[in-house]
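Student: This is start-v8.csv, which holds CSV, C-alpha atoms:
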```csv
chain,number,residue,atom,x,y,z
A,6,MET,CA,0.0,0.0,0.0
A,7,LYS,CA,1.4,3.4,-1.0
A,8,LYS,CA,2.2,5.7,1.9
A,9,THR,CA,-0.1,8.8,1.8
A,10,VAL,CA,0.7,12.1,3.3
A,11,ALA,CA,-1.3,15.1,4.5
A,12,LEU,CA,1.3,17.8,4.0
A,13,VAL,CA,1.5,21.2,5.8
A,14,LEU,CA,3.8,23.9,4.4
A,15,GLY,CA,4.7,26.7,6.8
A,16,SER,CA,5.4,30.4,6.2
A,17,GLY,CA,8.9,31.9,5.8
A,18,GLY,CA,9.4,34.1,2.8
A,19,ALA,CA,12.1,32.9,0.4
A,20,ARG,CA,12.9,30.0,2.7
A,21,GLY,CA,9.5,28.6,1.6
A,22,ILE,CA,11.3,27.7,-1.7
A,23,ALA,CA,12.7,24.8,0.4
A,24,HIS,CA,9.2,23.3,0.3
A,25,ILE,CA,9.8,22.3,-3.3
A,26,GLY,CA,12.8,20.2,-2.2
A,27,VAL,CA,10.6,18.6,0.5
A,28,ILE,CA,7.9,17.6,-2.0
A,29,ARG,CA,10.5,16.2,-4.4
A,30,GLU,CA,12.1,14.1,-1.6
A,31,LEU,CA,8.9,12.8,-0.2
A,32,ILE,CA,7.8,11.6,-3.6
A,33,ARG,CA,11.2,10.0,-4.2
A,34,HIS,CA,10.8,8.1,-0.9
A,35,GLY,CA,7.4,6.7,-2.1
A,36,TYR,CA,5.0,9.0,-0.4
A,37,ASP,CA,1.8,10.0,-2.2
A,38,ILE,CA,0.7,13.6,-1.2
A,39,SER,CA,-3.1,13.4,-0.8
A,40,SER,CA,-3.7,16.9,0.6
A,41,ILE,CA,-1.9,20.1,1.3
A,42,SER,CA,-2.4,23.1,3.6
A,43,GLY,CA,-0.2,26.1,3.4
A,44,SER,CA,0.4,29.5,4.9
A,45,SER,CA,2.1,32.4,3.0
A,46,MET,CA,4.9,31.0,0.8
A,47,GLY,CA,3.7,27.5,1.8
A,48,ALA,CA,0.3,28.4,0.3
A,49,LEU,CA,2.0,29.4,-2.9
A,50,VAL,CA,4.2,26.3,-3.3
A,51,GLY,CA,1.3,24.0,-2.2
A,52,GLY,CA,-1.1,25.6,-4.6
A,53,VAL,CA,1.4,25.3,-7.5
A,54,TYR,CA,2.0,21.6,-6.7
A,55,ALA,CA,-1.8,20.9,-6.4
A,56,SER,CA,-2.3,22.4,-9.8
A,57,GLY,CA,0.3,20.1,-11.3
A,58,LYS,CA,2.8,22.8,-12.3
A,59,LEU,CA,5.6,22.4,-9.9
A,60,ASP,CA,8.2,21.6,-12.6
A,61,GLU,CA,7.5,24.8,-14.5
A,62,PHE,CA,7.5,26.8,-11.2
A,63,GLU,CA,10.8,25.4,-10.1
A,64,ALA,CA,12.4,26.0,-13.4
A,65,TRP,CA,11.2,29.6,-13.3
A,66,LEU,CA,12.4,30.2,-9.8
A,67,CYS,CA,15.8,28.8,-10.5
A,68,SER,CA,16.2,31.1,-13.5
A,69,LEU,CA,15.9,34.2,-11.3
A,70,ASP,CA,18.9,36.3,-10.3
A,71,LYS,CA,19.0,39.4,-8.2
A,72,MET,CA,18.2,41.7,-11.1
A,73,ALA,CA,15.3,39.5,-12.2
A,74,VAL,CA,13.8,39.5,-8.7
A,75,PHE,CA,14.2,43.3,-8.7
A,76,ASN,CA,12.3,43.6,-11.9
A,77,LEU,CA,9.4,41.6,-10.6
A,78,VAL,CA,8.9,44.0,-7.6
A,79,ASP,CA,6.1,46.5,-8.2
A,80,PHE,CA,6.7,49.3,-5.7
A,81,THR,CA,4.1,51.4,-4.0
A,82,LEU,CA,4.2,54.1,-1.3
A,83,SER,CA,1.0,52.8,0.3
A,84,VAL,CA,0.8,53.0,4.0
A,85,HIS,CA,-0.2,49.4,4.0
A,86,GLY,CA,3.0,48.1,2.3
A,87,ILE,CA,5.8,48.8,-0.2
A,88,ILE,CA,5.2,46.0,-2.6
A,89,LYS,CA,1.9,45.2,-4.4
A,90,ALA,CA,3.0,41.7,-5.6
A,91,ASP,CA,0.7,41.8,-8.6
A,92,ARG,CA,3.5,41.7,-11.1
A,93,VAL,CA,5.0,38.5,-9.8
A,94,LEU,CA,1.6,36.8,-9.6
A,95,LYS,CA,0.9,37.8,-13.2
A,96,GLU,CA,4.2,36.4,-14.2
A,97,ILE,CA,3.5,33.1,-12.5
A,98,GLN,CA,0.0,33.0,-14.2
A,99,LYS,CA,1.8,32.9,-17.6
A,100,PHE,CA,2.5,29.2,-17.0
A,101,ILE,CA,0.1,28.4,-14.2
A,102,PRO,CA,-3.5,29.1,-15.1
A,103,ASP,CA,-5.8,29.9,-12.2
A,104,HIS,CA,-8.1,27.2,-10.9
A,105,ASN,CA,-11.0,26.9,-8.5
A,106,ILE,CA,-9.6,25.3,-5.4
A,107,GLU,CA,-12.4,22.7,-5.3
A,108,GLU,CA,-11.5,21.5,-8.8
A,109,LEU,CA,-7.8,20.7,-7.9
A,110,PRO,CA,-6.8,17.1,-8.1
A,111,ILE,CA,-5.9,17.0,-4.5
A,112,LYS,CA,-7.4,18.7,-1.4
A,113,TYR,CA,-5.9,22.1,-0.8
A,114,THR,CA,-6.3,24.8,1.8
A,115,ALA,CA,-4.7,28.2,2.2
A,116,VAL,CA,-4.6,30.3,5.4
A,117,ALA,CA,-4.8,34.1,5.6
A,118,THR,CA,-5.7,36.6,8.3
A,119,ASP,CA,-8.9,38.7,8.2
A,120,VAL,CA,-7.7,42.0,9.7
A,121,LYS,CA,-11.1,43.6,10.1
A,122,GLN,CA,-12.7,40.5,11.7
A,123,GLN,CA,-9.5,39.7,13.5
A,124,LYS,CA,-9.7,36.1,12.7
A,125,GLU,CA,-8.1,33.4,10.6
A,126,MET,CA,-9.5,32.8,7.1
A,127,VAL,CA,-9.3,29.3,5.6
A,128,PHE,CA,-9.7,29.2,1.8
A,129,THR,CA,-11.1,25.8,0.6
A,130,GLU,CA,-12.9,27.0,-2.5
A,131,GLY,CA,-12.9,29.8,-5.1
A,132,SER,CA,-9.9,31.3,-6.9
A,133,LEU,CA,-6.6,29.6,-6.2
A,134,PHE,CA,-4.6,32.7,-7.0
A,135,GLU,CA,-6.9,34.9,-4.8
A,136,ALA,CA,-6.3,32.6,-1.9
A,137,ILE,CA,-2.5,32.7,-2.5
A,138,ARG,CA,-2.5,36.5,-2.9
A,139,ALA,CA,-4.3,36.8,0.5
A,140,SER,CA,-2.0,34.4,2.2
A,141,ILE,CA,1.3,36.0,1.1
A,142,SER,CA,0.5,39.6,2.1
A,143,ILE,CA,3.3,40.2,4.6
A,144,PRO,CA,2.3,43.1,6.9
A,145,LEU,CA,4.1,46.4,6.2
A,146,VAL,CA,5.8,44.9,3.1
A,147,ILE,CA,3.2,43.4,0.7
A,148,THR,CA,-0.1,45.3,0.4
A,149,PRO,CA,-3.2,43.4,1.7
A,150,LEU,CA,-5.8,41.8,-0.5
A,151,LYS,CA,-9.0,43.8,-0.4
A,152,LYS,CA,-12.2,41.8,-1.0
A,153,ASN,CA,-15.8,42.7,-0.1
A,154,ASP,CA,-14.8,45.3,2.4
A,155,THR,CA,-12.4,42.9,4.0
A,156,LEU,CA,-8.6,43.1,4.3
A,157,PHE,CA,-6.6,39.9,4.2
A,158,VAL,CA,-2.9,39.7,5.3
A,159,ASP,CA,-0.4,37.0,5.6
A,160,GLY,CA,-1.6,33.7,7.0
A,161,GLY,CA,1.5,33.5,9.2
A,162,VAL,CA,0.1,36.2,11.4
A,163,LEU,CA,-2.2,33.8,13.1
A,164,ASN,CA,-1.3,30.3,11.8
A,165,PRO,CA,2.3,30.1,10.4
A,166,ILE,CA,2.1,26.3,10.1
A,167,PRO,CA,-1.6,25.2,9.7
A,168,VAL,CA,-1.5,21.6,10.8
A,169,ASN,CA,-5.0,22.0,12.1
A,170,ARG,CA,-6.4,23.0,8.6
A,171,VAL,CA,-5.2,20.2,6.4
A,172,PHE,CA,-7.6,17.6,5.1
A,173,ARG,CA,-6.5,14.2,6.6
A,174,LYS,CA,-7.8,10.8,5.8
A,175,ARG,CA,-7.6,8.0,8.3
A,176,ASN,CA,-4.3,6.5,7.1
A,177,ASP,CA,-2.6,9.7,6.1
A,178,ARG,CA,0.7,10.5,7.8
A,179,LEU,CA,0.8,14.1,8.9
A,180,VAL,CA,3.9,15.8,7.7
A,181,ALA,CA,4.6,19.4,8.8
A,182,VAL,CA,7.4,21.6,7.3
A,183,ASP,CA,8.7,24.5,9.4
A,184,VAL,CA,11.1,26.7,7.3
A,185,SER,CA,11.6,29.2,10.1
A,186,ALA,CA,12.9,26.9,12.7
A,187,HIS,CA,15.0,28.3,15.5
A,188,ILE,CA,17.7,25.7,14.9
A,189,PRO,CA,21.4,26.3,14.0
A,190,TYR,CA,22.2,26.7,10.3
A,191,LYS,CA,24.9,24.1,9.7
A,192,LYS,CA,26.5,25.7,6.6
A,193,SER,CA,29.6,27.3,7.9
A,194,THR,CA,30.1,29.5,4.8
A,195,ALA,CA,26.6,31.0,5.0
A,196,LYS,CA,26.3,34.7,5.0
A,197,GLY,CA,24.0,36.5,7.4
A,198,VAL,CA,20.7,38.1,6.3
A,199,ASP,CA,21.5,40.8,3.8
A,200,SER,CA,19.8,43.7,5.4
A,201,GLY,CA,20.8,46.0,2.6
A,202,TYR,CA,19.2,43.8,-0.1
A,203,LEU,CA,15.6,44.8,0.7
A,204,GLU,CA,16.7,48.5,0.6
A,205,ARG,CA,18.2,48.0,-2.8
A,206,LEU,CA,15.3,45.9,-3.9
A,207,THR,CA,12.8,48.6,-3.0
A,208,ASN,CA,14.9,51.4,-4.7
A,209,GLY,CA,15.2,53.5,-1.6
A,210,LYS,CA,11.5,53.4,-0.7
A,211,LEU,CA,12.2,51.5,2.5
A,212,SER,CA,14.3,54.5,3.7
A,213,ILE,CA,11.4,56.8,3.0
A,214,PHE,CA,9.1,54.6,5.1
A,215,LYS,CA,11.7,54.2,7.8
A,216,SER,CA,12.3,58.0,8.1
A,217,LYS,CA,8.6,58.5,8.6
A,218,ILE,CA,8.6,55.9,11.4
A,219,THR,CA,11.7,57.4,12.9
A,220,SER,CA,10.1,60.9,13.0
A,221,MET,CA,7.1,59.4,14.8
A,222,PHE,CA,9.2,57.4,17.2
A,223,PRO,CA,12.5,59.1,17.7
A,224,ASP,CA,15.3,57.2,19.4
A,225,ASN,CA,18.4,58.9,20.6
A,226,LYS,CA,20.2,55.8,21.8
A,227,LYS,CA,23.1,54.9,19.5
A,228,GLU,CA,23.0,51.3,20.6
A,229,SER,CA,19.4,50.9,19.5
A,230,ILE,CA,18.6,47.7,17.6
A,231,GLY,CA,16.8,49.6,14.9
A,232,TYR,CA,13.1,49.7,14.0
A,233,PHE,CA,13.0,47.2,11.2
A,234,LYS,CA,15.4,44.7,12.9
A,235,LEU,CA,13.3,45.0,16.0
A,236,ILE,CA,10.1,44.3,14.1
A,237,SER,CA,11.8,41.4,12.3
A,238,GLU,CA,13.2,39.8,15.4
A,239,SER,CA,10.0,40.4,17.5
A,240,THR,CA,7.9,38.8,14.7
A,241,SER,CA,10.2,35.9,14.5
A,242,ILE,CA,10.0,35.2,18.2
A,243,MET,CA,6.2,35.5,18.0
A,244,LEU,CA,5.8,33.1,15.1
A,245,ALA,CA,8.2,30.6,16.7
A,246,GLN,CA,6.0,30.6,19.8
A,247,ILE,CA,2.8,30.2,17.8
A,248,THR,CA,4.4,27.4,15.7
A,249,LYS,CA,5.5,25.6,18.9
A,250,LEU,CA,2.1,25.8,20.5
A,251,THR,CA,0.3,24.7,17.2
A,252,LEU,CA,2.6,21.7,16.9
A,253,ASP,CA,2.2,20.8,20.5
A,254,LEU,CA,-1.6,20.7,20.1
A,255,ASN,CA,-1.4,18.9,16.7
A,256,PRO,CA,1.8,16.9,16.7
A,257,PRO,CA,2.8,15.7,13.2
A,258,ASP,CA,4.0,12.2,12.5
A,259,ILE,CA,7.0,13.8,10.7
A,260,LEU,CA,8.4,17.2,11.3
A,261,ILE,CA,10.8,18.7,8.8
A,262,GLN,CA,12.7,21.8,9.8
A,263,VAL,CA,14.8,24.4,7.9
A,264,SER,CA,16.7,26.9,9.9
A,265,ARG,CA,15.6,30.6,9.8
A,266,GLY,CA,19.3,31.4,9.3
A,267,ALA,CA,19.3,29.8,5.9
A,268,CYS,CA,18.6,33.0,4.1
A,269,GLY,CA,16.8,36.3,4.3
A,270,THR,CA,13.0,36.7,3.8
A,271,PHE,CA,13.5,38.2,0.3
A,272,ASP,CA,16.4,36.1,-1.0
A,273,PHE,CA,14.4,34.5,-3.8
A,274,TYR,CA,17.5,34.4,-6.1
A,275,LYS,CA,18.8,31.5,-3.9
A,276,ALA,CA,16.2,29.0,-5.2
A,277,GLU,CA,18.6,26.2,-6.2
A,278,GLU,CA,20.3,26.3,-2.8
A,279,LEU,CA,17.0,26.4,-0.9
A,280,ILE,CA,15.5,23.5,-2.8
A,281,GLU,CA,18.6,21.4,-2.0
A,282,LEU,CA,18.3,22.4,1.6
A,283,GLY,CA,14.7,21.2,1.6
A,284,LYS,CA,15.7,17.9,0.2
A,285,LYS,CA,18.4,17.5,2.8
A,286,ALA,CA,16.1,18.4,5.7
A,287,THR,CA,13.6,15.9,4.5
A,288,VAL,CA,16.1,13.0,4.2
A,289,GLU,CA,17.4,13.8,7.7
A,290,SER,CA,13.8,13.7,9.2
A,291,LEU,CA,12.9,10.5,7.4
A,292,GLN,CA,16.1,8.9,8.6
A,293,LYS,CA,15.3,9.9,12.2
A,294,ILE,CA,11.9,8.3,11.8
A,295,GLY,CA,13.4,5.1,10.4
A,296,LYS,CA,15.9,4.8,13.3
A,297,SER,CA,13.2,5.3,15.9
A,298,ARG,CA,11.3,2.3,14.7
```
Represent the structure from my file as structure tokens, please.
Tutor:
Amino acid sequence: MKKTVALVLGSGGARGIAHIGVIRELIRHGYDISSISGSSMGALVGGVYASGKLDEFEAWLCSLDKMAVFNLVDFTLSVHGIIKADRVLKEIQKFIPDHNIEELPIKYTAVATDVKQQKEMVFTEGSLFEAIRASISIPLVITPLKKNDTLFVDGGVLNPIPVNRVFRKRNDRLVAVDVSAHIPYKKSTAKGVDSGYLERLTNGKLSIFKSKITSMFPDNKKESIGYFKLISESTSIMLAQITKLTLDLNPPDILIQVSRGACGTFDFYKAEELIELGKKATVESLQKIGKSR
């Protein structure tokens, strides 16, 4: 009997590209993915796989360099974010046509956050791309999705690893993938997060936004951690705690972890490296499961 998997793909920006490697390795080891639930980048990769276009998506990602990523960014000075993300989604739609979620060959759910109602929104039907667009709307960075007087932002705000939202049949093994794990990054030659890359990527617009924030919240301490680094680190701690509590309440049969130190949130030009990292993390987790039996 083929081993079936209910797969949960967590949020994590560019690190979510590692989900592709996870999927590849699970299939190589004889697992059949019967359902997928995803948050943020996990919703995107999961949706692409569910629509049967992972090969094309992977090839496109691996073709991107820094300049290509830059050219895909559609800047805006909105108070809600500095990137609209419409351009990259339109590019993806060139080789991945939109589907209704309920018509996909495998069960799929995407998680977003309803800001006005202050609750989690789980997409199980309707436009696949609309669900993905809602789920990837990183607060202060990517503008929210507006629909029917509702604002949707990143699913990771409330549920960064939606193990409680995946369709699961009786014999499915629950596999969760955390690509923002607070574990050491083993690659000794790894560079730290390129804090200047986002600034260059946004063509200086981040500085404009930052100066406005600074004027509102002045800080005369030279040793200050900095506004955006403080937001990033605080958010990371918050998401790590939510992830831990979620996994404690819904323990997966197999947990695959990728270190948050693997790359920065916007390092999408590192696709090949991240896919290999996902494969390696999957092999390590499967080996641990094998040894424990």
Student: What gap, in Å, lies between atom CA of Ile137 of chain A and atom CA of Tyr113 of chain A?
Tutor: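 We find that atom CA of Ile137 of chain A and atom CA of Tyr113 of chain A lie 11.3 Å from each other.
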Student: Please measure the separation of atom CA of Met243 of chain A and atom CA of Val288 of chain A, giving the value in Å to one decimal.
Tutor: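 Taking atom CA of Met243 of chain A and atom CA of Val288 of chain A, their separation equals 28.2 Å.
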Student: Which residue gives the smallest distance to Leu291 of chain A among A:Ser185, A:Gln262, A:Asn169, A:Thr148, with all atoms listed in the file counted?
Tutor: A:Gln262
Student: Between atom CA of Pro110 of chain A and atom CA of Lys58 of chain A, what is the spacing in Å?
Tutor: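 Result for atom CA of Lys58 of chain A versus atom CA of Pro110 of chain A: 11.9 Å, one decimal.
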Student: If we count all atoms listed in the file, what is near Val50 of chain A at a cut-off of 7 Å, once residues fewer than 4 positions away on the same chain are taken out, given as a list in words?
Tutor: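 With the cut-off at 7 Å, the set is His24, Ile25, Met46 and Tyr54 of chain A.
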Student: Name the residues, using the chain letters and numbers of the file, that sit within 6 Å of (-8.5, 16.9, 3.9) when counting only C-alpha atoms, and give them as a PyMOL selection string.
Tutor: chain A and resi 40+112+171-173
Student: Have a look at A:Pro167, A:Leu244, A:Leu260, A:Glu96 and name the one nearest to Asn76 of chain A; count all atoms listed in the file.
Tutor: A:Glu96
Student: Measuring between only C-alpha atoms, which one of A:Met126, A:Val180, A:Ala276, A:Val93 shows the shortest distance to Tyr36 of chain A?
Tutor: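 Closest candidate: A:Val180.
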Student: Could you pull segment 17-46 of chain A out of the block above and save it with C-alpha atoms, as a PDB file, in the first residue's frame?
Tutor:
```pdb
ATOM      1  CA  GLY A  17       8.866  31.865   5.838  1.00  0.00           C
ATOM      2  CA  GLY A  18       9.354  34.107   2.802  1.00  0.00           C
ATOM      3  CA  ALA A  19      12.064  32.936   0.419  1.00  0.00           C
ATOM      4  CA  ARG A  20      12.858  30.010   2.716  1.00  0.00           C
ATOM      5  CA  GLY A  21       9.529  28.602   1.570  1.00  0.00           C
ATOM      6  CA  ILE A  22      11.252  27.665  -1.693  1.00  0.00           C
ATOM      7  CA  ALA A  23      12.677  24.785   0.357  1.00  0.00           C
ATOM      8  CA  HIS A  24       9.156  23.309   0.277  1.00  0.00           C
ATOM      9  CA  ILE A  25       9.841  22.306  -3.333  1.00  0.00           C
ATOM     10  CA  GLY A  26      12.760  20.166  -2.210  1.00  0.00           C
ATOM     11  CA  VAL A  27      10.627  18.644   0.533  1.00  0.00           C
ATOM     12  CA  ILE A  28       7.935  17.638  -1.961  1.00  0.00           C
ATOM     13  CA  ARG A  29      10.515  16.185  -4.355  1.00  0.00           C
ATOM     14  CA  GLU A  30      12.123  14.085  -1.635  1.00  0.00           C
ATOM     15  CA  LEU A  31       8.850  12.832  -0.163  1.00  0.00           C
ATOM     16  CA  ILE A  32       7.790  11.608  -3.600  1.00  0.00           C
ATOM     17  CA  ARG A  33      11.200  10.031  -4.190  1.00  0.00           C
ATOM     18  CA  HIS A  34      10.783   8.073  -0.948  1.00  0.00           C
ATOM     19  CA  GLY A  35       7.449   6.672  -2.100  1.00  0.00           C
ATOM     20  CA  TYR A  36       5.023   9.029  -0.394  1.00  0.00           C
ATOM     21  CA  ASP A  37       1.808  10.045  -2.152  1.00  0.00           C
ATOM     22  CA  ILE A  38       0.667  13.558  -1.196  1.00  0.00           C
ATOM     23  CA  SER A  39      -3.110  13.388  -0.803  1.00  0.00           C
ATOM     24  CA  SER A  40      -3.691  16.871   0.617  1.00  0.00           C
ATOM     25  CA  ILE A  41      -1.854  20.139   1.268  1.00  0.00           C
ATOM     26  CA  SER A  42      -2.404  23.052   3.607  1.00  0.00           C
ATOM     27  CA  GLY A  43      -0.190  26.113   3.418  1.00  0.00           C
ATOM     28  CA  SER A  44       0.441  29.517   4.911  1.00  0.00           C
ATOM     29  CA  SER A  45       2.111  32.381   3.026  1.00  0.00           C
ATOM     30  CA  MET A  46       4.905  30.952   0.836  1.00  0.00           C
TER      31      MET A  46
END
```
